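Novice: So here's data_19.cif, just mmCIF, C-alpha atoms:
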```cif
data_target
loop_
_atom_site.label_atom_id
_atom_site.label_comp_id
_atom_site.auth_asym_id
_atom_site.auth_seq_id
_atom_site.Cartn_x
_atom_site.Cartn_y
_atom_site.Cartn_z
CA MET K 45 0.00 0.00 0.00
CA THR K 46 1.35 3.41 -0.91
CA ILE K 47 1.72 5.66 2.11
CA ILE K 48 0.33 9.13 1.41
CA PRO K 49 1.38 11.49 4.21
CA VAL K 50 -1.46 13.42 5.84
CA PRO K 51 -0.75 16.42 8.11
CA LEU K 52 -1.59 15.09 11.56
CA HIS K 53 -2.27 16.80 14.84
CA PRO K 54 1.03 17.81 16.50
CA ARG K 55 0.04 15.93 19.65
CA LEU K 56 -0.57 12.67 17.79
CA TYR K 57 2.45 10.35 17.64
CA LEU K 58 1.86 7.31 15.45
CA GLY K 59 4.26 4.45 14.88
CA THR K 60 4.71 0.71 14.74
CA GLN K 61 5.47 -1.94 17.32
CA SER K 62 9.14 -2.63 16.55
CA TRP K 63 10.90 -1.52 13.39
CA SER K 64 13.18 -4.40 12.40
CA HIS K 65 11.14 -6.69 10.17
CA LYS K 66 12.81 -8.61 7.37
CA SER K 67 9.56 -8.67 5.38
CA TRP K 68 9.62 -4.85 5.24
CA GLU K 69 12.76 -4.90 3.10
CA GLU K 70 12.19 -3.27 -0.28
CA VAL K 71 8.54 -2.45 0.55
CA PHE K 72 9.33 -0.04 3.39
CA TYR K 73 13.11 0.09 3.70
CA PRO K 74 15.13 0.97 0.60
CA GLU K 75 16.66 -1.89 -1.33
CA GLY K 76 20.08 -2.72 0.05
CA ALA K 77 19.59 -0.88 3.35
CA ALA K 78 21.58 -2.38 6.20
CA PRO K 79 19.59 -3.46 9.29
CA GLY K 80 21.74 -1.14 11.36
CA ASP K 81 20.33 1.79 9.38
CA TYR K 82 16.68 0.78 9.72
CA LEU K 83 15.88 2.87 12.79
CA ALA K 84 17.31 6.08 11.34
CA TYR K 85 15.34 5.54 8.14
CA TYR K 86 12.20 4.63 10.08
CA ALA K 87 12.46 7.95 11.93
CA THR K 88 12.20 9.81 8.62
CA ARG K 89 8.74 8.31 8.10
CA PHE K 90 7.18 8.22 11.58
CA ARG K 91 7.40 10.19 14.81
CA ALA K 92 7.39 7.34 17.32
CA VAL K 93 8.11 3.66 17.78
CA GLU K 94 7.31 1.06 20.42
CA VAL K 95 10.15 -1.36 21.01
CA ASP K 96 9.39 -4.98 21.87
CA ALA K 97 12.94 -6.16 22.58
CA THR K 98 12.96 -4.61 26.07
CA PHE K 99 10.20 -7.04 27.06
CA TYR K 100 12.75 -9.86 26.87
CA ARG K 101 15.82 -8.18 28.32
CA ILE K 102 17.07 -4.87 29.66
CA PRO K 103 19.06 -3.13 26.93
CA SER K 104 22.67 -2.20 27.49
CA GLU K 105 23.80 1.39 27.91
CA SER K 106 25.57 1.23 24.56
CA MET K 107 22.41 0.07 22.84
CA THR K 108 20.15 2.80 24.22
CA LYS K 109 22.78 5.43 23.40
CA ARG K 110 22.95 4.04 19.86
CA TRP K 111 19.16 4.29 19.57
CA ALA K 112 19.28 7.88 20.78
CA ARG K 113 21.92 8.84 18.20
CA ALA K 114 19.82 7.37 15.39
CA LEU K 115 16.74 9.42 16.28
CA PRO K 116 15.98 13.05 15.43
CA ASP K 117 14.84 15.66 17.93
CA GLY K 118 11.13 15.39 18.57
CA PHE K 119 10.99 11.63 18.07
CA ARG K 120 9.49 9.48 20.85
CA PHE K 121 10.76 6.01 21.70
CA SER K 122 8.34 3.93 23.78
CA ALA K 123 9.35 0.67 25.44
CA LYS K 124 7.80 -2.29 27.26
CA VAL K 125 9.01 -3.08 30.74
CA PRO K 126 10.67 -6.51 31.02
CA GLN K 127 8.41 -9.52 31.33
CA VAL K 128 9.93 -10.42 34.69
CA ILE K 129 7.95 -7.48 36.09
CA THR K 130 4.62 -8.10 34.35
CA HIS K 131 4.48 -11.82 33.66
CA GLU K 132 6.77 -13.51 36.17
CA LYS K 133 6.56 -11.40 39.33
CA THR K 134 3.37 -9.49 38.41
CA LEU K 135 4.39 -6.33 40.25
CA GLU K 136 5.69 -8.01 43.41
CA ASN K 137 9.31 -7.67 44.57
CA CYS K 138 10.41 -6.18 41.26
CA GLY K 139 11.73 -2.79 42.33
CA GLU K 140 15.32 -3.58 41.41
CA GLU K 141 14.38 -4.80 37.93
CA LEU K 142 12.37 -1.64 37.30
CA ARG K 143 15.20 0.56 38.58
CA LEU K 144 17.72 -1.10 36.27
CA PHE K 145 15.37 -0.90 33.30
CA LEU K 146 14.59 2.78 33.77
CA GLY K 147 18.27 3.51 34.27
CA ALA K 148 19.00 1.98 30.87
CA MET K 149 16.18 3.88 29.20
CA ASP K 150 17.32 7.19 30.69
CA HIS K 151 20.05 7.35 28.04
CA LEU K 152 17.34 8.21 25.50
CA GLY K 153 16.89 11.57 27.22
CA ASP K 154 13.95 13.63 25.97
CA LYS K 155 13.37 11.10 23.18
CA LEU K 156 12.02 8.62 25.72
CA GLY K 157 8.28 8.17 25.29
CA PRO K 158 5.88 6.30 27.58
CA ILE K 159 6.92 3.14 29.40
CA LEU K 160 4.41 0.33 28.89
CA PHE K 161 3.39 -2.31 31.41
CA GLN K 162 1.83 -4.99 29.18
CA PHE K 163 0.11 -7.72 31.16
CA PRO K 164 -1.05 -11.06 29.77
CA TYR K 165 -4.54 -12.50 29.82
CA PHE K 166 -4.84 -14.14 33.23
CA ASN K 167 -6.90 -17.33 33.04
CA LYS K 168 -8.47 -19.10 36.02
CA LYS K 169 -5.48 -21.41 36.39
CA SER K 170 -3.22 -18.42 37.03
CA GLY K 171 -5.03 -17.68 40.27
CA MET K 172 -5.02 -13.98 39.41
CA THR K 173 -8.33 -12.17 39.80
CA GLY K 174 -9.27 -8.57 39.20
CA GLU K 175 -9.38 -7.96 42.94
CA ILE K 176 -5.90 -9.40 43.51
CA PHE K 177 -4.54 -7.45 40.54
CA ASN K 178 -6.02 -4.17 41.79
CA ASP K 179 -4.58 -4.85 45.24
CA ARG K 180 -1.13 -5.27 43.71
CA LEU K 181 -1.61 -2.04 41.78
CA ARG K 182 -2.47 -0.19 45.01
CA LYS K 183 0.85 -1.28 46.48
CA PHE K 184 2.95 -0.85 43.34
CA LEU K 185 1.79 2.38 41.70
CA PRO K 186 2.83 4.70 44.57
CA GLN K 187 6.39 3.40 44.13
CA LEU K 188 6.69 4.57 40.53
CA PRO K 189 9.33 7.29 40.22
CA GLU K 190 8.45 10.74 38.97
CA GLY K 191 9.67 12.09 35.66
CA TYR K 192 8.37 9.25 33.48
CA ARG K 193 5.17 8.57 31.55
CA PHE K 194 3.73 5.16 32.34
CA ALA K 195 0.97 3.27 30.52
CA LEU K 196 -0.64 -0.02 31.54
CA GLU K 197 -2.41 -2.64 29.44
CA ILE K 198 -4.70 -5.46 30.58
CA ARG K 199 -6.37 -8.16 28.48
CA ASN K 200 -9.14 -9.27 30.85
CA LYS K 201 -12.17 -7.25 29.79
CA ALA K 202 -14.07 -7.91 33.02
CA TRP K 203 -11.32 -6.02 34.88
CA LEU K 204 -11.93 -2.87 32.85
CA ASN K 205 -14.15 -0.96 35.26
CA PRO K 206 -14.24 2.36 37.17
CA ALA K 207 -12.33 0.96 40.15
CA PHE K 208 -9.40 -0.14 37.98
CA LEU K 209 -9.38 3.08 35.99
CA GLY K 210 -9.58 5.07 39.21
CA LEU K 211 -6.41 3.43 40.49
CA LEU K 212 -4.55 4.42 37.34
CA ARG K 213 -6.00 7.93 37.42
CA ASP K 214 -4.91 8.46 41.03
CA HIS K 215 -1.29 7.96 39.92
CA GLY K 216 -1.39 9.51 36.44
CA VAL K 217 -0.82 6.19 34.67
CA ALA K 218 -2.43 5.95 31.24
CA TYR K 219 -4.87 3.12 30.57
CA THR K 220 -3.85 1.53 27.29
CA LEU K 221 -6.66 1.45 24.75
CA VAL K 222 -6.33 -1.69 22.64
CA ASP K 223 -7.91 -2.96 19.46
CA HIS K 224 -7.93 -6.68 20.23
CA PRO K 225 -10.55 -9.46 19.96
CA TRP K 226 -10.55 -10.05 23.72
CA MET K 227 -11.29 -6.43 24.66
CA PRO K 228 -14.32 -4.16 24.11
CA ARG K 229 -14.45 -2.10 20.93
CA ILE K 230 -13.43 1.53 21.21
CA GLY K 231 -16.97 2.84 20.78
CA GLU K 232 -18.20 0.70 23.67
CA VAL K 233 -15.35 1.88 25.89
CA MET K 234 -15.95 5.56 25.15
CA ASP K 235 -19.72 5.22 25.64
CA ASN K 236 -19.54 3.47 29.00
CA LEU K 237 -16.32 4.62 30.68
CA ASP K 238 -13.90 7.51 30.75
CA PRO K 239 -10.63 5.81 29.75
CA ALA K 240 -8.54 8.98 30.17
CA THR K 241 -6.45 8.38 33.29
CA ALA K 242 -3.39 10.55 32.58
CA ASP K 243 -2.49 13.69 30.67
CA PHE K 244 -1.66 11.51 27.65
CA ALA K 245 -3.28 8.52 25.96
CA TYR K 246 -1.70 5.29 24.78
CA VAL K 247 -3.23 3.17 22.02
CA ARG K 248 -2.22 -0.23 20.62
CA TRP K 249 -3.76 -1.74 17.50
CA LEU K 250 -2.98 -5.43 18.03
CA GLY K 251 -5.40 -7.46 15.94
CA ASP K 252 -6.11 -11.18 15.97
CA ARG K 253 -2.68 -12.84 16.01
CA ARG K 254 -3.95 -16.40 15.66
CA GLY K 255 -6.45 -15.50 12.96
CA ILE K 256 -4.06 -13.61 10.71
CA GLU K 257 -1.26 -16.16 11.10
CA LYS K 258 -3.59 -18.71 9.52
CA LYS K 259 -3.41 -16.50 6.42
CA THR K 260 0.16 -15.25 6.47
CA THR K 261 3.33 -14.97 8.49
CA SER K 262 4.94 -12.45 6.17
CA TRP K 263 4.25 -8.78 6.81
CA GLU K 264 4.92 -6.90 3.57
CA LYS K 265 1.32 -5.93 2.70
CA LEU K 266 -2.16 -5.37 4.09
CA ILE K 267 -4.35 -8.46 3.85
CA VAL K 268 -7.23 -7.49 6.19
CA ASP K 269 -9.50 -4.54 5.41
CA ARG K 270 -9.61 -2.41 8.57
CA SER K 271 -11.30 0.64 7.04
CA ARG K 272 -14.39 0.41 9.26
CA GLU K 273 -12.30 -0.04 12.38
CA MET K 274 -10.21 3.00 11.52
CA GLU K 275 -13.31 5.11 11.01
CA ALA K 276 -14.57 3.96 14.42
CA TRP K 277 -11.38 5.17 16.07
CA VAL K 278 -11.55 8.71 14.68
CA PRO K 279 -14.17 10.07 17.16
CA ALA K 280 -12.26 8.63 20.11
CA LEU K 281 -8.95 10.13 19.00
CA ARG K 282 -10.60 13.48 18.32
CA ASP K 283 -12.19 13.37 21.78
CA LEU K 284 -8.86 12.74 23.49
CA LEU K 285 -7.06 15.40 21.44
CA GLY K 286 -9.87 17.79 22.31
CA ARG K 287 -8.97 17.34 25.97
CA ASN K 288 -5.49 18.68 25.23
CA MET K 289 -3.99 15.20 25.57
CA THR K 290 -1.01 13.85 23.66
CA ILE K 291 -1.70 10.48 22.03
CA TYR K 292 0.87 7.77 21.38
CA GLY K 293 -0.46 5.05 19.07
CA PHE K 294 1.27 1.94 17.74
CA PHE K 295 0.30 -0.70 15.18
CA ASN K 296 1.27 -4.35 15.15
CA ASN K 297 1.81 -6.21 11.88
CA HIS K 298 -0.83 -8.68 13.06
CA TYR K 299 -3.49 -5.99 12.98
CA ALA K 300 -3.92 -6.04 9.21
CA GLY K 301 -0.75 -7.56 7.76
CA HIS K 302 1.60 -4.58 7.45
CA ALA K 303 1.92 -2.03 10.25
CA PRO K 304 3.09 0.91 8.09
CA GLY K 305 0.10 0.34 5.81
CA SER K 306 -2.23 0.40 8.81
CA ILE K 307 -0.81 3.78 9.81
CA ALA K 308 -1.57 5.07 6.33
CA LEU K 309 -5.15 3.82 6.66
CA LEU K 310 -5.62 5.67 9.95
CA GLU K 311 -3.99 8.80 8.54
CA GLN K 312 -6.50 8.68 5.70
CA ALA K 313 -9.43 8.25 8.09
CA LEU K 314 -8.21 11.10 10.26
CA GLY K 315 -7.76 13.34 7.26
CA GLU K 316 -11.25 12.63 6.01
CA GLY K 317 -12.66 12.98 9.51
CA GLY K 318 -10.99 16.28 10.26
CA GLY K 319 -8.47 14.81 12.70
CA GLY K 320 -5.40 16.23 10.99
CA ALA K 321 -3.25 19.15 11.97
CA GLY K 322 -6.22 21.44 11.98
CA GLY K 323 -8.29 19.19 14.25
CA SER K 324 -9.13 20.19 17.78
#
```
Would you mind writing the file's structure down as C-alpha cells?

Specialist:
Amino acid sequence: MTIIPVPLHPRLYLGTQSWSHKSWEEVFYPEGAAPGDYLAYYATRFRAVEVDATFYRIPSESMTKRWARALPDGFRFSAKVPQVITHEKTLENCGEELRLFLGAMDHLGDKLGPILFQFPYFNKKSGMTGEIFNDRLRKFLPQLPEGYRFALEIRNKAWLNPAFLGLLRDHGVAYTLVDHPWMPRIGEVMDNLDPATADFAYVRWLGDRRGIEKKTTSWEKLIVDRSREMEAWVPALRDLLGRNMTIYGFFNNHYAGHAPGSIALLEQALGEGGGGAGGS
C-alpha cells in the first residue's frame, strides 16, 4: 500500500510496534539498506516507535545510546518493561528490575516516550483475579518514580471498570486502549467509561494474532481490510485530542498484515474525519 502522508495533529504520535522486520525490506526500507540503518530511516517516516525487545531483556547502555543517536529531535521512543515485572513477578518484589530498566532507558533523554506495562490474559489457572490485581496495583503504583510517563495494558475485559481506571487515574498512569478481539471495541469503551487516566493517551492496535497467522506470516502488505475499524477510532482520537492530551499510538503487523500500511489507513481516516493538523 502506498503511504500518502497526511498532516496530523502535532500531539498525535503514530508508529509501529518494533521496526526491524525482514519482510519490510524493499517495501518499506530501501533496497540494500543495512539493518543497522533501519531505525534512522524509520524515523524519517514516523514520529514514534514502540520497542518490543525490552520485554525480553534490559538493553545495554551502549544500545540505548545508539538508539538515541539514530533518532531526530522530537521523536518518541516507547518501550515495554521486562516480562519479569509483568508476567513472572506481576508487580511483586520487582523494584530492582524496574530501577535497572529505567536507568537503561534514561540514556534516551527527551526522546524517551511512555513506558508500557503490558500484562497477559490471566486465566483461572493463574489464580489472578481482578481484585488481587487491583490490590497489587495499590501497592505498586505509589512506588513509581516521577519524571516518566507510564501506561498499563490489561487483556481481561471484566477487569476494565471504574475501580481499575480510578487506580490508574490516582497515579497519572495511562490506561492503554487496545484494538484486540478479547477487549471491548473503542466505541463501547468511550460510551460506558472515561478511559482517560493521565495527561496523555496510549493506544495499541494489536489485531487477531492467531487469525491472521492462519493467512500469512509475512508482513509486507495489508491483507485485512480495517477501514471500518479505523473510522470507528476517529471520534475517540478526536475526543482525546480535544482534551489537550497527547496520544501515542502503535500498530502491530498482526493488525492487518503490514503495520506501516495500517498507519496510512488511519492517517486517511483522520484526514477525512478532520483529525489532521487542523483538528481540535

Novice: Return the single residue from K:Leu284, K:Ile198, K:Ala87, K:Leu266 that is closest to His224 in chain K, with distances computed using all atoms listed in the file.

Specialist: K:Ile198

Novice: Between K:Pro228, K:Pro116, K:Pro103, K:Gly174, which residue has the minimum interatomic distance to Ala148 in chain K, considering only C-alpha atoms?

Specialist: K:Pro103

Novice: Could you tell me which of K:Gly301, K:Pro126, K:Pro186, K:Pro279 comes closest to Asp214 in chain K if we count all atoms listed in the file?

Specialist: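 Result for the nearest residue to Asp214 in chain K: K:Pro186.
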
Novice: What's around Gln187 in chain K at 12 Å? Count all atoms listed in the file, leave out sequence neighbours fewer than 5 positions away in its own chain, and write the answer as a list in words.

Specialist: Leu135, Glu136, Asn137, Cys138, Gly139, Glu140, Leu142, Arg143, Arg180, Leu181, Arg182 and His215 of chain K

Novice: Given only C-alpha atoms, how would the per-residue table for range 75-160 of chain K near range 219-223 of chain K read, listing every residue at most 12 Å away with its closest atom pair and distance in Å to one decimal, sorted by chain and number, as a Markdown table?

Specialist:
```
| residue | atom | partner | partner_atom | distance |
| --- | --- | --- | --- | --- |
| K:Pro158 | CA | K:Thr220 | CA | 10.8 |
| K:Ile159 | CA | K:Thr220 | CA | 11.1 |
| K:Leu160 | CA | K:Thr220 | CA | 8.5 |
```

Novice: Give me the residues within 9 Å of Leu209 in chain K as JSON, numbers by chain, counting all atoms listed in the file and dropping any in the same chain fewer than 5 places off.

Specialist: {"K": [204, 214, 218, 219, 237, 238, 239, 240, 241]}

Novice: Got time to write the residues from that selection, C-alpha atoms, as an mmCIF file, in the coordinates of the input?

Specialist:
```cif
data_model
loop_
_atom_site.group_PDB
_atom_site.id
_atom_site.type_symbol
_atom_site.label_atom_id
_atom_site.label_comp_id
_atom_site.auth_asym_id
_atom_site.auth_seq_id
_atom_site.Cartn_x
_atom_site.Cartn_y
_atom_site.Cartn_z
ATOM 1 C CA LEU K 204 -11.930 -2.870 32.850
ATOM 2 C CA ASP K 214 -4.910 8.460 41.030
ATOM 3 C CA ALA K 218 -2.430 5.950 31.240
ATOM 4 C CA TYR K 219 -4.870 3.120 30.570
ATOM 5 C CA LEU K 237 -16.320 4.620 30.680
ATOM 6 C CA ASP K 238 -13.900 7.510 30.750
ATOM 7 C CA PRO K 239 -10.630 5.810 29.750
ATOM 8 C CA ALA K 240 -8.540 8.980 30.170
ATOM 9 C CA THR K 241 -6.450 8.380 33.290
#
```

Novice: Rounded to one decimal in Å, what is the spacing between CA of Gly80 in chain K and CA of Ala308 in chain K?

Specialist: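 Atom-to-atom, CA of Gly80 in chain K and CA of Ala308 in chain K are spaced 24.6 Å apart.
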
Novice: How would you write as a list in words the residues that get within 10 Å of (-9.1, 5.2, 16.6) in the file's frame, counting all atoms listed in the file?

Specialist: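 I get Leu221, Val222, Asp223, Ile230, Gly231, Val247, Arg248, Trp249, Glu273, Met274, Glu275, Ala276, Trp277, Val278, Pro279, Ala280, Leu281, Arg282, Gly293, Leu310, Ala313 and Leu314 of chain K for the residues within 10 Å of that point.
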
Novice: Using CA of Phe163 in chain K and CA of Thr134 in chain K as the two end points, give the distance in Å to one decimal.

Specialist: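 Calculated distance between CA of Phe163 in chain K and CA of Thr134 in chain K is 8.1 Å.
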
Novice: Using only C-alpha atoms, pick whichever of K:Glu69, K:Glu175, K:Glu94, K:Glu264 has the shortest atom-to-atom distance to Tyr82 in chain K.

Specialist: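 Smallest separation from Tyr82 in chain K among the options: K:Glu69.
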
Novice: Return the padded bounding box of range 285-291 of chain K as lines of an AutoDock Vina configuration file: axis-aligned, built from all atoms listed in the file, 6 Å added on each side, with centre and edge lengths in Å to one decimal.

Specialist:
```
center_x = -5.4
center_y = 14.6
center_z = 23.7
size_x = 20.9
size_y = 20.2
size_z = 16.5
```

Novice: Kindly add N, CA and C atoms to the incomplete range 292-305 of chain K and provide the output as a PDB file, in the coordinates of the input.

Specialist:
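Contents of out15.pdb, as written:
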```
ATOM      1  N   TYR K 292      -0.148   8.641  21.950  1.00  0.00           N
ATOM      2  CA  TYR K 292       0.870   7.770  21.380  1.00  0.00           C
ATOM      3  C   TYR K 292       0.154   6.509  20.910  1.00  0.00           C
ATOM      4  N   GLY K 293       0.251   6.195  19.610  1.00  0.00           N
ATOM      5  CA  GLY K 293      -0.460   5.050  19.070  1.00  0.00           C
ATOM      6  C   GLY K 293       0.433   4.182  18.209  1.00  0.00           C
ATOM      7  N   PHE K 294       0.347   2.858  18.407  1.00  0.00           N
ATOM      8  CA  PHE K 294       1.270   1.940  17.740  1.00  0.00           C
ATOM      9  C   PHE K 294       0.536   0.745  17.141  1.00  0.00           C
ATOM     10  N   PHE K 295       0.907   0.407  15.914  1.00  0.00           N
ATOM     11  CA  PHE K 295       0.300  -0.700  15.180  1.00  0.00           C
ATOM     12  C   PHE K 295       1.210  -1.910  15.162  1.00  0.00           C
ATOM     13  N   ASN K 296       0.597  -3.080  15.315  1.00  0.00           N
ATOM     14  CA  ASN K 296       1.270  -4.350  15.150  1.00  0.00           C
ATOM     15  C   ASN K 296       1.048  -4.862  13.740  1.00  0.00           C
ATOM     16  N   ASN K 297       2.018  -5.583  13.188  1.00  0.00           N
ATOM     17  CA  ASN K 297       1.810  -6.210  11.880  1.00  0.00           C
ATOM     18  C   ASN K 297       0.578  -7.107  11.868  1.00  0.00           C
ATOM     19  N   HIS K 298       0.293  -7.741  12.991  1.00  0.00           N
ATOM     20  CA  HIS K 298      -0.830  -8.680  13.060  1.00  0.00           C
ATOM     21  C   HIS K 298      -2.185  -7.988  12.938  1.00  0.00           C
ATOM     22  N   TYR K 299      -2.204  -6.680  13.045  1.00  0.00           N
ATOM     23  CA  TYR K 299      -3.490  -5.990  12.980  1.00  0.00           C
ATOM     24  C   TYR K 299      -4.135  -6.143  11.608  1.00  0.00           C
ATOM     25  N   ALA K 300      -3.359  -5.940  10.561  1.00  0.00           N
ATOM     26  CA  ALA K 300      -3.920  -6.040   9.210  1.00  0.00           C
ATOM     27  C   ALA K 300      -2.944  -6.633   8.203  1.00  0.00           C
ATOM     28  N   GLY K 301      -1.712  -6.943   8.651  1.00  0.00           N
ATOM     29  CA  GLY K 301      -0.750  -7.560   7.760  1.00  0.00           C
ATOM     30  C   GLY K 301       0.510  -6.754   7.519  1.00  0.00           C
ATOM     31  N   HIS K 302       0.446  -5.444   7.724  1.00  0.00           N
ATOM     32  CA  HIS K 302       1.600  -4.580   7.450  1.00  0.00           C
ATOM     33  C   HIS K 302       1.405  -3.296   8.243  1.00  0.00           C
ATOM     34  N   ALA K 303       2.153  -3.147   9.333  1.00  0.00           N
ATOM     35  CA  ALA K 303       1.920  -2.030  10.250  1.00  0.00           C
ATOM     36  C   ALA K 303       2.038  -0.656   9.588  1.00  0.00           C
ATOM     37  N   PRO K 304       3.048  -0.398   8.738  1.00  0.00           N
ATOM     38  CA  PRO K 304       3.090   0.910   8.090  1.00  0.00           C
ATOM     39  C   PRO K 304       1.843   1.191   7.240  1.00  0.00           C
ATOM     40  N   GLY K 305       1.317   0.164   6.587  1.00  0.00           N
ATOM     41  CA  GLY K 305       0.100   0.340   5.810  1.00  0.00           C
ATOM     42  C   GLY K 305      -1.093   0.659   6.684  1.00  0.00           C
TER      43      GLY K 305
END
```
